[in-house]
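**Student:** Here you go, this is final_33.tsv (TSV, C-alpha atoms and all ligand atoms).
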```tsv
chain	number	residue	atom	x	y	z
J	490	MET	CA	-31.19	3.87	-9.13
J	491	LYS	CA	-27.61	3.95	-10.36
J	492	SER	CA	-25.15	2.02	-8.23
J	493	VAL	CA	-21.44	2.75	-7.93
J	494	PRO	CA	-19.95	0.33	-5.38
J	495	PHE	CA	-16.77	1.39	-3.62
J	496	PHE	CA	-15.02	-1.74	-4.89
J	497	ASN	CA	-16.19	-4.55	-7.16
J	498	TYR	CA	-14.53	-7.77	-5.94
J	499	PRO	CA	-15.96	-10.14	-8.59
J	500	HIS	CA	-14.57	-7.82	-11.29
J	501	VAL	CA	-11.02	-8.69	-10.15
J	502	PHE	CA	-11.68	-12.17	-11.53
J	503	THR	CA	-14.33	-11.73	-14.20
J	504	ALA	CA	-12.41	-8.99	-16.05
J	505	SER	CA	-10.21	-11.65	-17.71
J	506	GLU	CA	-11.72	-14.90	-16.44
J	507	ASP	CA	-10.87	-17.12	-19.41
J	508	ARG	CA	-7.25	-16.04	-19.57
J	509	PHE	CA	-6.87	-16.58	-15.83
J	510	ILE	CA	-8.29	-20.09	-16.08
J	511	ASP	CA	-5.70	-20.92	-18.76
J	512	THR	CA	-3.02	-19.84	-16.27
J	513	PHE	CA	-4.51	-21.95	-13.45
J	514	ARG	CA	-4.78	-24.97	-15.74
J	515	SER	CA	-1.13	-24.66	-16.67
J	516	VAL	CA	-0.01	-24.45	-13.04
J	517	GLY	CA	-2.36	-27.20	-11.90
J	518	ARG	CA	-1.39	-29.68	-14.64
J	519	ARG	CA	2.27	-29.15	-13.75
J	520	GLY	CA	1.50	-29.65	-10.04
J	521	ALA	CA	3.57	-26.52	-9.48
J	522	PHE	CA	2.15	-25.25	-6.19
J	523	ILE	CA	5.00	-24.14	-3.92
J	524	MET	CA	8.06	-22.09	-4.94
J	525	GLN	CA	8.18	-23.08	-8.58
J	526	LYS	CA	9.14	-21.39	-11.85
J	527	ASP	CA	6.14	-19.03	-11.90
J	528	LEU	CA	7.26	-17.53	-8.59
J	529	VAL	CA	10.84	-17.12	-9.80
J	530	ASP	CA	9.61	-15.47	-13.02
J	531	PHE	CA	7.32	-13.12	-11.15
J	532	GLU	CA	10.02	-12.13	-8.67
J	533	ARG	CA	12.39	-11.33	-11.53
J	534	ASN	CA	9.78	-9.30	-13.43
J	535	LEU	CA	8.66	-7.45	-10.30
J	536	ALA	CA	12.26	-6.51	-9.45
J	537	ALA	CA	12.81	-5.31	-13.02
J	538	TYR	CA	9.59	-3.27	-12.98
J	539	THR	CA	10.54	-1.43	-9.78
J	540	GLY	CA	14.26	-1.19	-10.38
J	541	ALA	CA	14.97	-3.08	-7.15
J	542	LYS	CA	17.84	-5.55	-7.18
J	543	TYR	CA	15.67	-8.28	-5.60
J	544	ALA	CA	12.00	-9.08	-5.07
J	545	VAL	CA	10.96	-11.93	-2.75
J	546	GLY	CA	7.40	-13.28	-2.86
J	547	VAL	CA	5.84	-13.72	0.59
J	548	ALA	CA	2.43	-14.65	2.02
J	549	ASN	CA	1.33	-11.05	2.62
J	550	ALA	CA	2.83	-7.58	3.04
J	551	THR	CA	2.51	-7.61	6.83
J	552	ASP	CA	4.71	-10.70	7.15
J	553	GLY	CA	6.96	-9.20	4.49
J	554	LEU	CA	7.55	-6.03	6.48
J	555	GLN	CA	8.17	-8.00	9.68
J	556	MET	CA	10.72	-10.19	7.90
J	557	ALA	CA	12.32	-7.08	6.35
J	558	PHE	CA	12.93	-5.67	9.86
J	559	GLN	CA	14.23	-9.05	11.05
J	560	ALA	CA	16.54	-9.43	8.05
J	561	GLY	CA	17.79	-5.87	8.62
J	562	GLY	CA	18.76	-6.72	12.20
J	563	LEU	CA	16.20	-4.73	14.20
J	564	LYS	CA	16.95	-5.40	17.87
J	565	PRO	CA	14.55	-5.81	20.82
J	566	SER	CA	13.02	-2.53	22.07
J	567	GLU	CA	14.47	-0.41	19.26
J	568	GLU	CA	12.02	2.23	18.09
J	569	VAL	CA	10.73	2.52	14.55
J	570	ILE	CA	8.98	5.75	13.59
J	571	ILE	CA	5.87	5.25	11.44
J	572	CYS	CA	3.04	7.49	10.26
J	573	SER	CA	-0.13	7.20	12.34
J	574	HIS	CA	-2.15	7.30	9.09
J	575	THR	CA	-1.30	3.76	8.05
J	576	MET	CA	-2.73	0.30	8.47
J	577	VAL	CA	-2.18	-1.20	11.93
J	578	ALA	CA	-0.17	-3.81	9.98
J	579	THR	CA	2.79	-1.41	9.79
J	580	ALA	CA	2.89	-1.17	13.57
J	581	ALA	CA	2.27	-4.90	14.04
J	582	ALA	CA	5.21	-5.74	11.77
J	583	VAL	CA	7.50	-3.63	14.00
J	584	HIS	CA	6.01	-5.23	17.11
J	585	TYR	CA	6.47	-8.82	15.95
J	586	ALA	CA	10.01	-8.07	14.81
J	587	GLY	CA	10.68	-7.13	18.45
J	588	GLY	CA	10.67	-3.36	18.02
J	589	VAL	CA	8.49	-0.54	19.30
J	590	PRO	CA	6.34	1.30	16.75
J	591	VAL	CA	6.22	5.09	17.30
J	592	PRO	CA	3.40	6.73	15.34
J	593	VAL	CA	3.78	10.37	14.28
J	594	GLU	CA	1.63	12.94	12.47
J	595	ALA	CA	0.43	12.82	8.89
J	596	GLY	CA	1.07	15.98	6.88
J	597	PRO	CA	-1.09	17.92	4.40
J	598	ASP	CA	-0.74	15.23	1.69
J	599	HIS	CA	-1.78	12.56	4.27
J	600	LEU	CA	1.73	11.02	4.26
J	601	ILE	CA	4.21	11.09	7.14
J	602	ASP	CA	5.15	14.59	8.33
J	603	VAL	CA	8.92	15.10	8.35
J	604	ALA	CA	8.99	17.69	11.17
J	605	SER	CA	7.01	15.25	13.28
J	606	ILE	CA	9.54	12.46	12.58
J	607	ARG	CA	12.36	14.75	13.71
J	608	ALA	CA	10.53	15.55	16.95
J	609	ALA	CA	10.04	11.84	17.72
J	610	ILE	CA	13.70	10.77	17.41
J	611	THR	CA	15.18	9.47	20.67
J	612	SER	CA	18.32	7.56	21.64
J	613	ARG	CA	16.34	4.34	21.09
J	614	THR	CA	15.26	5.18	17.53
J	615	ARG	CA	16.66	2.72	15.03
J	616	ALA	CA	14.63	3.31	11.87
J	617	ILE	CA	12.03	5.33	10.00
J	618	CYS	CA	9.36	3.41	8.10
J	619	PRO	CA	7.22	5.78	6.01
J	620	THR	CA	4.06	4.42	4.42
J	621	GLN	CA	3.81	5.27	0.74
J	622	LEU	CA	0.10	5.88	1.22
J	623	ASN	CA	-2.69	5.93	-1.34
J	624	GLY	CA	-0.25	5.15	-4.15
J	625	ARG	CA	1.95	8.17	-3.52
J	626	THR	CA	5.63	8.18	-2.54
J	627	CYS	CA	6.79	10.54	0.22
J	628	ASP	CA	9.34	13.30	-0.33
J	629	MET	CA	12.14	10.78	0.14
J	630	ASP	CA	14.90	13.41	-0.19
J	631	ALA	CA	13.82	14.90	3.14
J	632	ILE	CA	13.38	11.52	4.85
J	633	MET	CA	16.70	10.07	3.63
J	634	ALA	CA	18.54	13.25	4.68
J	635	LEU	CA	17.01	13.14	8.16
J	636	ALA	CA	17.86	9.42	8.47
J	637	LYS	CA	21.45	10.08	7.44
J	638	GLU	CA	21.78	12.94	9.91
J	639	HIS	CA	20.69	10.67	12.79
J	640	HIS	CA	22.23	7.39	11.51
J	641	LEU	CA	18.84	5.72	11.15
J	642	ASP	CA	17.78	2.94	8.81
J	643	VAL	CA	14.88	3.47	6.42
J	644	TYR	CA	12.32	0.81	5.49
J	645	GLU	CA	9.19	1.47	3.46
J	646	ASP	CA	5.65	0.25	3.77
J	647	ALA	CA	4.99	0.36	0.04
J	648	ALA	CA	1.97	-1.97	0.31
J	649	GLN	CA	-0.15	0.59	-1.57
J	650	ALA	CA	2.44	2.01	-3.91
J	651	LEU	CA	3.73	-0.43	-6.55
J	652	GLY	CA	4.96	1.69	-9.46
J	653	SER	CA	4.58	5.02	-7.69
J	654	LYS	CA	7.66	7.25	-7.93
J	655	PHE	CA	9.45	10.17	-6.31
J	656	LYS	CA	11.84	11.97	-8.68
J	657	GLY	CA	11.64	9.01	-11.07
J	658	LYS	CA	12.63	6.41	-8.46
J	659	SER	CA	10.13	3.70	-7.47
J	660	ALA	CA	8.50	3.34	-4.08
J	661	GLY	CA	10.14	0.47	-2.25
J	662	THR	CA	13.66	1.15	-3.55
J	663	PHE	CA	14.75	4.00	-1.25
J	664	GLY	CA	15.30	2.23	2.06
J	665	ARG	CA	16.96	-1.05	3.05
J	666	ALA	CA	13.81	-3.07	2.28
J	667	ALA	CA	10.11	-2.54	1.59
J	668	CYS	CA	6.90	-4.50	1.42
J	669	ILE	CA	4.32	-4.57	-1.40
J	670	SER	CA	0.82	-6.04	-0.95
J	671	PHE	CA	-1.22	-8.04	-3.45
J	672	TYR	CA	-4.41	-8.07	-1.37
J	673	PRO	CA	-7.29	-8.24	-3.90
J	674	ALA	CA	-8.20	-4.54	-3.60
J	675	LYS	CA	-4.62	-3.37	-4.12
J	676	VAL	CA	-3.71	-1.99	-7.55
J	677	LEU	CA	-1.90	-5.24	-8.35
J	678	GLY	CA	-4.19	-7.62	-6.49
J	679	CYS	CA	-4.33	-11.41	-6.48
J	680	LEU	CA	-7.18	-13.78	-5.57
J	681	GLY	CA	-6.41	-13.91	-1.86
J	682	ASP	CA	-3.42	-12.84	0.21
J	683	GLY	CA	0.01	-12.19	-1.24
J	684	GLY	CA	2.96	-9.86	-0.89
J	685	ALA	CA	6.56	-9.18	-1.76
J	686	VAL	CA	9.64	-7.64	-0.22
J	687	LEU	CA	11.95	-5.47	-2.30
J	688	THR	CA	15.59	-4.91	-1.38
J	689	ASN	CA	18.90	-3.92	-2.94
J	690	GLU	CA	21.00	-5.60	-0.23
J	691	ASP	CA	22.46	-9.07	-0.88
J	692	GLU	CA	22.49	-9.97	2.81
J	693	ILE	CA	18.86	-8.98	3.42
J	694	TYR	CA	17.83	-10.90	0.31
J	695	ALA	CA	19.61	-14.06	1.50
J	696	LYS	CA	17.97	-13.76	4.96
J	697	LEU	CA	14.50	-13.22	3.48
J	698	LEU	CA	14.76	-16.46	1.49
J	699	LEU	CA	15.46	-18.29	4.76
J	700	LEU	CA	12.89	-16.42	6.88
J	701	ARG	CA	9.95	-17.08	4.54
J	702	ASP	CA	10.64	-20.83	4.40
J	703	HIS	CA	11.07	-22.09	7.98
J	704	GLY	CA	14.67	-20.87	8.19
J	705	ARG	CA	15.78	-23.64	5.83
J	706	ASP	CA	18.64	-23.20	3.38
J	707	HIS	CA	18.80	-24.90	-0.02
J	708	THR	CA	20.17	-28.12	1.52
J	709	GLY	CA	17.30	-28.33	4.01
J	710	GLU	CA	19.49	-27.36	6.95
J	711	VAL	CA	17.67	-25.03	9.37
J	712	VAL	CA	19.94	-22.07	10.03
J	713	LEU	CA	17.59	-19.65	11.86
J	714	TRP	CA	14.03	-19.40	13.26
J	715	GLY	CA	11.80	-18.80	10.27
J	716	LEU	CA	8.14	-18.52	9.31
J	717	ASN	CA	5.99	-20.23	6.75
J	718	SER	CA	5.32	-17.16	4.66
J	719	ARG	CA	5.67	-18.09	1.01
J	720	LEU	CA	3.76	-16.62	-1.93
J	721	ASP	CA	1.71	-19.43	-3.51
J	722	ASN	CA	3.01	-20.34	-6.94
J	723	LEU	CA	-0.55	-20.16	-8.33
J	724	GLU	CA	-0.91	-16.57	-7.11
J	725	ALA	CA	2.54	-15.75	-8.48
J	726	ALA	CA	1.49	-17.04	-11.91
J	727	TYR	CA	-1.67	-14.92	-11.75
J	728	LEU	CA	0.29	-11.86	-10.63
J	729	ASP	CA	2.96	-12.29	-13.30
J	730	PHE	CA	0.20	-12.39	-15.90
J	731	GLN	CA	-1.40	-9.24	-14.47
J	732	LEU	CA	1.91	-7.39	-14.20
J	733	LYS	CA	2.08	-7.25	-18.01
J	734	ASP	CA	-1.03	-5.01	-18.08
J	735	TYR	CA	-0.02	-3.01	-15.01
J	736	PRO	CA	1.15	0.23	-16.69
J	737	GLY	CA	-2.24	0.41	-18.43
J	738	VAL	CA	-4.01	-0.05	-15.10
J	739	VAL	CA	-2.00	2.78	-13.55
J	740	ALA	CA	-2.74	5.01	-16.55
J	741	ARG	CA	-6.49	4.38	-16.19
J	742	ARG	CA	-6.42	5.17	-12.47
J	743	ARG	CA	-4.58	8.43	-13.16
J	744	ASN	CA	-7.17	9.16	-15.80
J	745	ILE	CA	-9.97	8.70	-13.23
J	746	ALA	CA	-8.11	11.03	-10.83
J	747	THR	CA	-7.90	13.65	-13.58
J	748	LEU	CA	-11.64	13.35	-14.14
J	749	TYR	CA	-12.36	13.85	-10.42
J	750	GLN	CA	-10.04	16.86	-10.48
J	751	GLN	CA	-11.83	18.40	-13.47
J	752	ARG	CA	-15.24	17.91	-11.89
J	753	LEU	CA	-14.47	18.73	-8.24
J	754	GLY	CA	-11.35	20.91	-8.36
J	755	SER	CA	-13.33	24.09	-7.85
J	756	CYS	CA	-15.65	22.74	-5.13
J	757	PRO	CA	-14.51	24.63	-1.99
J	758	GLN	CA	-15.89	22.09	0.50
J	759	VAL	CA	-13.54	19.31	-0.60
J	760	LYS	CA	-9.76	19.07	-0.73
J	761	LEU	CA	-8.54	16.68	-3.42
J	762	PRO	CA	-5.26	14.78	-3.76
J	763	ALA	CA	-2.70	16.38	-6.08
J	764	ALA	CA	-3.82	15.84	-9.68
J	765	PRO	CA	-1.68	13.61	-11.93
J	766	GLY	CA	1.16	15.70	-13.33
J	767	ALA	CA	0.52	18.64	-10.98
J	768	GLU	CA	3.71	18.02	-8.96
J	769	ALA	CA	6.81	17.29	-11.04
J	770	ASN	CA	8.53	15.17	-8.33
J	771	HIS	CA	5.61	12.82	-7.79
J	772	PHE	CA	4.19	10.03	-9.93
J	773	ASP	CA	1.14	8.75	-8.06
J	774	ILE	CA	-0.68	5.51	-8.91
J	775	PHE	CA	-3.89	6.25	-6.98
J	776	GLN	CA	-4.33	3.11	-4.93
J	777	ASN	CA	-6.99	5.26	-3.26
J	778	TYR	CA	-8.63	8.57	-4.02
J	779	GLU	CA	-8.71	10.02	-0.53
J	780	ILE	CA	-10.28	13.45	-0.17
J	781	GLU	CA	-10.91	15.74	2.79
J	782	ALA	CA	-14.53	16.79	3.04
J	783	GLU	CA	-16.58	19.25	5.06
J	784	GLN	CA	-19.51	17.54	6.82
J	785	ARG	CA	-17.81	14.26	5.96
J	786	ASP	CA	-20.29	11.93	7.66
J	787	ALA	CA	-23.34	13.65	6.17
J	788	LEU	CA	-21.72	13.55	2.72
J	789	LYS	CA	-20.99	9.83	3.15
J	790	ASP	CA	-24.64	9.17	4.07
J	791	TYR	CA	-25.91	11.27	1.19
J	792	LEU	CA	-23.72	9.43	-1.33
J	793	LYS	CA	-24.94	6.14	0.10
J	794	SER	CA	-28.54	7.25	-0.44
J	795	ARG	CA	-27.59	7.89	-4.08
J	796	GLY	CA	-26.14	4.39	-4.49
J	797	ILE	CA	-22.48	5.39	-4.14
J	798	GLY	CA	-20.09	3.45	-1.92
J	799	THR	CA	-17.34	5.33	-0.09
J	800	LEU	CA	-14.94	4.20	2.61
J	801	ILE	CA	-13.11	5.77	5.54
J	802	GLN	CA	-9.67	4.21	5.62
J	803	TRP	CA	-8.75	1.87	8.52
J	804	GLY	CA	-12.31	1.95	9.83
J	805	GLY	CA	-11.80	5.63	10.65
J	806	LYS	CA	-8.99	5.27	13.19
J	807	ALA	CA	-5.35	6.28	13.00
J	808	VAL	CA	-2.86	3.84	14.59
J	809	HIS	CA	-2.24	5.99	17.70
J	810	GLN	CA	-6.01	5.96	18.37
J	811	PHE	CA	-5.94	2.22	19.06
J	812	LYS	CA	-5.46	2.76	22.79
J	813	LYS	CA	-5.77	-0.95	23.60
J	814	LEU	CA	-2.42	-1.46	21.86
J	815	GLY	CA	-0.84	0.85	24.43
J	816	PHE	CA	-0.26	3.97	22.36
J	817	SER	CA	-0.13	7.23	24.29
J	818	GLN	CA	1.02	9.70	21.61
J	819	GLN	CA	-0.94	12.94	21.23
J	820	LEU	CA	-1.30	13.69	17.53
J	821	PRO	CA	-3.79	16.55	17.15
J	822	ALA	CA	-3.21	17.20	13.44
J	823	THR	CA	-3.93	13.55	12.61
J	824	ASP	CA	-6.97	13.54	14.93
J	825	ALA	CA	-8.35	16.55	13.05
J	826	LEU	CA	-7.54	15.01	9.67
J	827	PHE	CA	-9.41	11.83	10.59
J	828	THR	CA	-12.68	13.73	10.99
J	829	ARG	CA	-12.42	14.82	7.34
J	830	LEU	CA	-11.04	11.86	5.37
J	831	LEU	CA	-13.16	9.98	2.85
J	832	MET	CA	-12.25	7.70	-0.04
J	833	LEU	CA	-14.23	7.95	-3.28
J	834	PRO	CA	-14.57	4.98	-5.65
J	835	MET	CA	-11.27	4.38	-7.53
J	836	ASN	CA	-11.05	1.07	-9.35
J	837	MET	CA	-10.89	-0.58	-12.77
J	838	ALA	CA	-14.63	-1.34	-12.86
J	839	LEU	CA	-15.52	2.40	-12.95
J	840	SER	CA	-16.70	4.04	-16.17
J	841	ASP	CA	-16.26	7.76	-16.85
J	842	GLU	CA	-20.02	7.99	-16.45
J	843	ASP	CA	-19.74	6.53	-12.93
J	844	VAL	CA	-17.07	9.08	-11.99
J	845	ASN	CA	-19.21	11.93	-13.35
J	846	TYR	CA	-22.18	10.64	-11.37
J	847	VAL	CA	-20.14	10.59	-8.14
J	848	ALA	CA	-18.95	14.15	-8.81
J	849	ASP	CA	-22.50	15.32	-9.65
J	850	CYS	CA	-23.81	13.93	-6.36
J	851	ILE	CA	-21.05	15.64	-4.34
J	852	VAL	CA	-21.75	19.00	-5.99
J	853	GLU	CA	-25.46	18.42	-5.43
J	854	PHE	CA	-24.90	17.67	-1.71
J	855	TYR	CA	-23.02	20.92	-1.03
J	856	GLY	CA	-25.43	22.92	-3.22
J	857	ARG	CA	-28.52	21.95	-1.24
J	901	LIG	C1	-2.79	-3.44	2.66
J	901	LIG	C2	-1.78	-2.80	3.53
J	901	LIG	C3	-0.93	-3.54	4.37
J	901	LIG	C4	-1.09	-5.01	4.60
J	901	LIG	O1	-0.96	-5.76	3.45
J	901	LIG	P1	-1.30	-7.33	3.56
J	901	LIG	O2	-0.78	-7.87	2.25
J	901	LIG	O3	-2.79	-7.43	3.65
J	901	LIG	O4	-0.60	-7.87	4.73
J	901	LIG	C5	0.05	-2.87	5.07
J	901	LIG	N1	0.19	-1.55	4.98
J	901	LIG	C6	-0.61	-0.80	4.21
J	901	LIG	C7	-0.38	0.67	4.13
J	901	LIG	C8	-1.63	-1.40	3.48
J	901	LIG	O5	-2.44	-0.65	2.74
```
Turn this file's structure into structure tokens for me.
**Tutor:**
Amino acid sequence: MKSVPFFNYPHVFTASEDRFIDTFRSVGRRGAFIMQKDLVDFERNLAAYTGAKYAVGVANATDGLQMAFQAGGLKPSEEVIICSHTMVATAAAVHYAGGVPVPVEAGPDHLIDVASIRAAITSRTRAICPTQLNGRTCDMDAIMALAKEHHLDVYEDAAQALGSKFKGKSAGTFGRAACISFYPAKVLGCLGDGGAVLTNEDEIYAKLLLLRDHGRDHTGEVVLWGLNSRLDNLEAAYLDFQLKDYPGVVARRRNIATLYQQRLGSCPQVKLPAAPGAEANHFDIFQNYEIEAEQRDALKDYLKSRGIGTLIQWGGKAVHQFKKLGFSQQLPATDALFTRLLMLPMNMALSDEDVNYVADCIVEFYGR
């Protein structure tokens, strides 16, 4: 039987194995393991690619977002509004920076719902942190206007959205600071954990450099409580190499999304993400291809029986549904959405034939 795994981890490495090994040899023979030239080069190229003034390599996006809040001066008990349809990491970053995460509803495009943000603003609200989910950037005009009206800061969880744009401006460059993730399954993935923080503010940039390296300044003097959260130089070298091919990777993912659209766009039992080019303000990079499906669980089982891997994001739970973390918000729209969400295979190992097979099996399931 044909097999279309949801994600092909070995492919991350084997796709260009020999070229990667040349990179590792170069780093290894120089003994350049921590905060060396490859990291500096990558940070410069990443900043240039996004249009951010600064990019700072960090150990992972979760630490990056926490340090972004800390560098931005989040104070104890201040509330940060997040979308409930995000990784728990977004909430954890707020928590460990001393704040209180306040999850709100996801809207029809699965990203944070602006009316729901407005309804959640209190006297303790300090910031809004939208997640640029599935490789799509929120309507940032609406979010920035709301933030301005209430004197709130904006940060972005852009872990899934490197290169995605709203009105031509890159995810991660709207707010005071943003995190990007290089987890292996992310569109720009490395061979382990990695992340970056983007910012346009000189002061946040200077603080991030201290925070990620034990609070030490360039003389070795410790000037604040820091973390050990550096991006390995070896990973930075690998990422810098991959960044050169990144626009081609995004183009291929958009191409796969177009194929899904062509094959499933008229299937009434599924709701697809906006097709590439369908909405002039949005340039989506398709970190994920997340659909809404009738009889979601039965469809998932059927696809599995046909050799197709699918995934329900976050193990099927929105952040506010993790009651053991103390959340008490009632978010009925998100609860309903989470009975319907399913992610179809979307990765660089897929052939057009694979995508057609997935679509055929979905049509077949609803036609039975
Ligand atoms: C992957 C992801 C993170 C966490 O990234 P790490 O680099 O694994 O810490 C945070 N938020 C979202 C939305 C993610 O998808």
**Student:** How close does each residue of chain J get to ligand LIG 901 (chain J), giving the shortest atom pair and distance in Å to one decimal for every residue with an atom at most 10 Å away, counting only C-alpha atoms and all ligand atoms, sorted by chain and residue number, as a tab-separated table?
**Tutor:**
```
residue	atom	partner	partner_atom	distance
J:Val547	CA	J:LIG901	O2	9.0
J:Ala548	CA	J:LIG901	O2	7.5
J:Asn549	CA	J:LIG901	O2	3.8
J:Ala550	CA	J:LIG901	O2	3.7
J:Thr551	CA	J:LIG901	O4	3.8
J:Asp552	CA	J:LIG901	O4	6.5
J:Gly553	CA	J:LIG901	O4	7.7
J:Leu554	CA	J:LIG901	C5	8.3
J:Cys572	CA	J:LIG901	C7	9.8
J:His574	CA	J:LIG901	C7	8.5
J:Thr575	CA	J:LIG901	C7	5.1
J:Met576	CA	J:LIG901	C6	4.9
J:Val577	CA	J:LIG901	N1	7.4
J:Ala578	CA	J:LIG901	C5	5.0
J:Thr579	CA	J:LIG901	N1	5.5
J:Ala580	CA	J:LIG901	N1	9.0
J:Ala581	CA	J:LIG901	C5	9.5
J:Ala582	CA	J:LIG901	C5	8.9
J:Pro619	CA	J:LIG901	C7	9.3
J:Thr620	CA	J:LIG901	C7	5.8
J:Gln621	CA	J:LIG901	C7	7.1
J:Leu622	CA	J:LIG901	C7	6.0
J:Asn623	CA	J:LIG901	O5	7.7
J:Gly624	CA	J:LIG901	O5	9.3
J:Glu645	CA	J:LIG901	N1	9.6
J:Asp646	CA	J:LIG901	N1	5.9
J:Ala647	CA	J:LIG901	C7	6.8
J:Ala648	CA	J:LIG901	C6	4.8
J:Gln649	CA	J:LIG901	O5	5.0
J:Ala650	CA	J:LIG901	C7	8.6
J:Cys668	CA	J:LIG901	C5	7.9
J:Ile669	CA	J:LIG901	O2	7.1
J:Ser670	CA	J:LIG901	O2	4.0
J:Phe671	CA	J:LIG901	O2	5.7
J:Tyr672	CA	J:LIG901	O2	5.1
J:Pro673	CA	J:LIG901	O3	8.8
J:Ala674	CA	J:LIG901	C1	8.3
J:Lys675	CA	J:LIG901	C1	7.0
J:Gly678	CA	J:LIG901	O2	9.4
J:Gly681	CA	J:LIG901	O2	9.2
J:Asp682	CA	J:LIG901	O2	6.0
J:Gly683	CA	J:LIG901	O2	5.6
J:Gly684	CA	J:LIG901	O2	5.3
J:Ala685	CA	J:LIG901	O2	8.5
J:Gln776	CA	J:LIG901	O5	8.7
J:Asn777	CA	J:LIG901	O5	9.6
J:Gln802	CA	J:LIG901	O5	9.2
J:Trp803	CA	J:LIG901	O5	8.9
```
**Student:** Please write as a list in words the list of polymer residues whose atoms come within 7 Å of (15.0, 1.5, 12.1), counting only C-alpha atoms and keeping to the coordinates of the file.
**Tutor:**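 It turns out the residues near that spot are Leu563, Glu568, Val569, Thr614, Arg615, Ala616, Ile617, Leu641, Asp642 and Val643 of chain J.
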**Student:** Which one is closest to Ala825 (chain J): J:Ala595, J:Leu788, J:Met629, J:Ala740? Count only C-alpha atoms.
**Tutor:**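 Counting only C-alpha atoms, the residue closest to Ala825 (chain J) is J:Ala595.
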**Student:** Identify, on the basis of all atoms listed in the file, every residue whose closest approach to region 840-856 of chain J does not exceed 8 Å; exclude the query and any residue fewer than 5 positions from it along the same chain; express the result as a list in words.
**Tutor:**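 These residues fall inside the cut-off: Val493, Ile745, Leu748, Tyr749, Arg752, Leu753, Cys756, Gln758, Leu788, Tyr791, Leu792, Arg795, Ile797 and Pro834 of chain J.
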**Student:** Go through J:Arg508, J:His809, J:Arg665, J:Lys656 one by one, measure the shortest atom-to-atom distance of each to Tyr644 (chain J) using all atoms listed in the file, and give the residue with the smallest value.
**Tutor:**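 Of the candidates, the smallest distance to Tyr644 (chain J) is held by J:Arg665.
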**Student:** Applying 10 Å and only C-alpha atoms, which residues near Ala822 (chain J) remain after dropping the ones on its own chain fewer than 6 positions away? List them as a PyMOL selection string.
**Tutor:** chain J and resi 593-597
**Student:** For Tyr778 (chain J), which of J:Arg857, J:Lys793, J:Arg613, J:His599 is the closest residue, counting all atoms listed in the file?
**Tutor:**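 With all atoms listed in the file as the atom set, the closest residue is J:His599.
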**Student:** Restricting the calculation to all atoms listed in the file, which member of J:Gly805, J:Pro565, J:Pro499, J:Gly661 is positioned closest to Thr688 (chain J)?
**Tutor:**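 Of J:Gly805, J:Pro565, J:Pro499, J:Gly661, the one nearest Thr688 (chain J), counting all atoms listed in the file, is J:Gly661.
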**Student:** Using all atoms listed in the file, which residues sit within 9 Å of His771 (chain J) once same-chain residues fewer than 5 positions away are excluded, as an NGL selection string?
**Tutor:** :J and (625-628 or 653-657 or 765-766)
**Student:** Can I get the selection written as a PDB file, in the frame of the given file, with C-alpha atoms?
**Tutor:**
```pdb
ATOM      1  CA  ARG J 625       1.950   8.170  -3.520  1.00  0.00           C
ATOM      2  CA  THR J 626       5.630   8.180  -2.540  1.00  0.00           C
ATOM      3  CA  CYS J 627       6.790  10.540   0.220  1.00  0.00           C
ATOM      4  CA  ASP J 628       9.340  13.300  -0.330  1.00  0.00           C
ATOM      5  CA  SER J 653       4.580   5.020  -7.690  1.00  0.00           C
ATOM      6  CA  LYS J 654       7.660   7.250  -7.930  1.00  0.00           C
ATOM      7  CA  PHE J 655       9.450  10.170  -6.310  1.00  0.00           C
ATOM      8  CA  LYS J 656      11.840  11.970  -8.680  1.00  0.00           C
ATOM      9  CA  GLY J 657      11.640   9.010 -11.070  1.00  0.00           C
ATOM     10  CA  PRO J 765      -1.680  13.610 -11.930  1.00  0.00           C
ATOM     11  CA  GLY J 766       1.160  15.700 -13.330  1.00  0.00           C
TER      12      GLY J 766
END
```
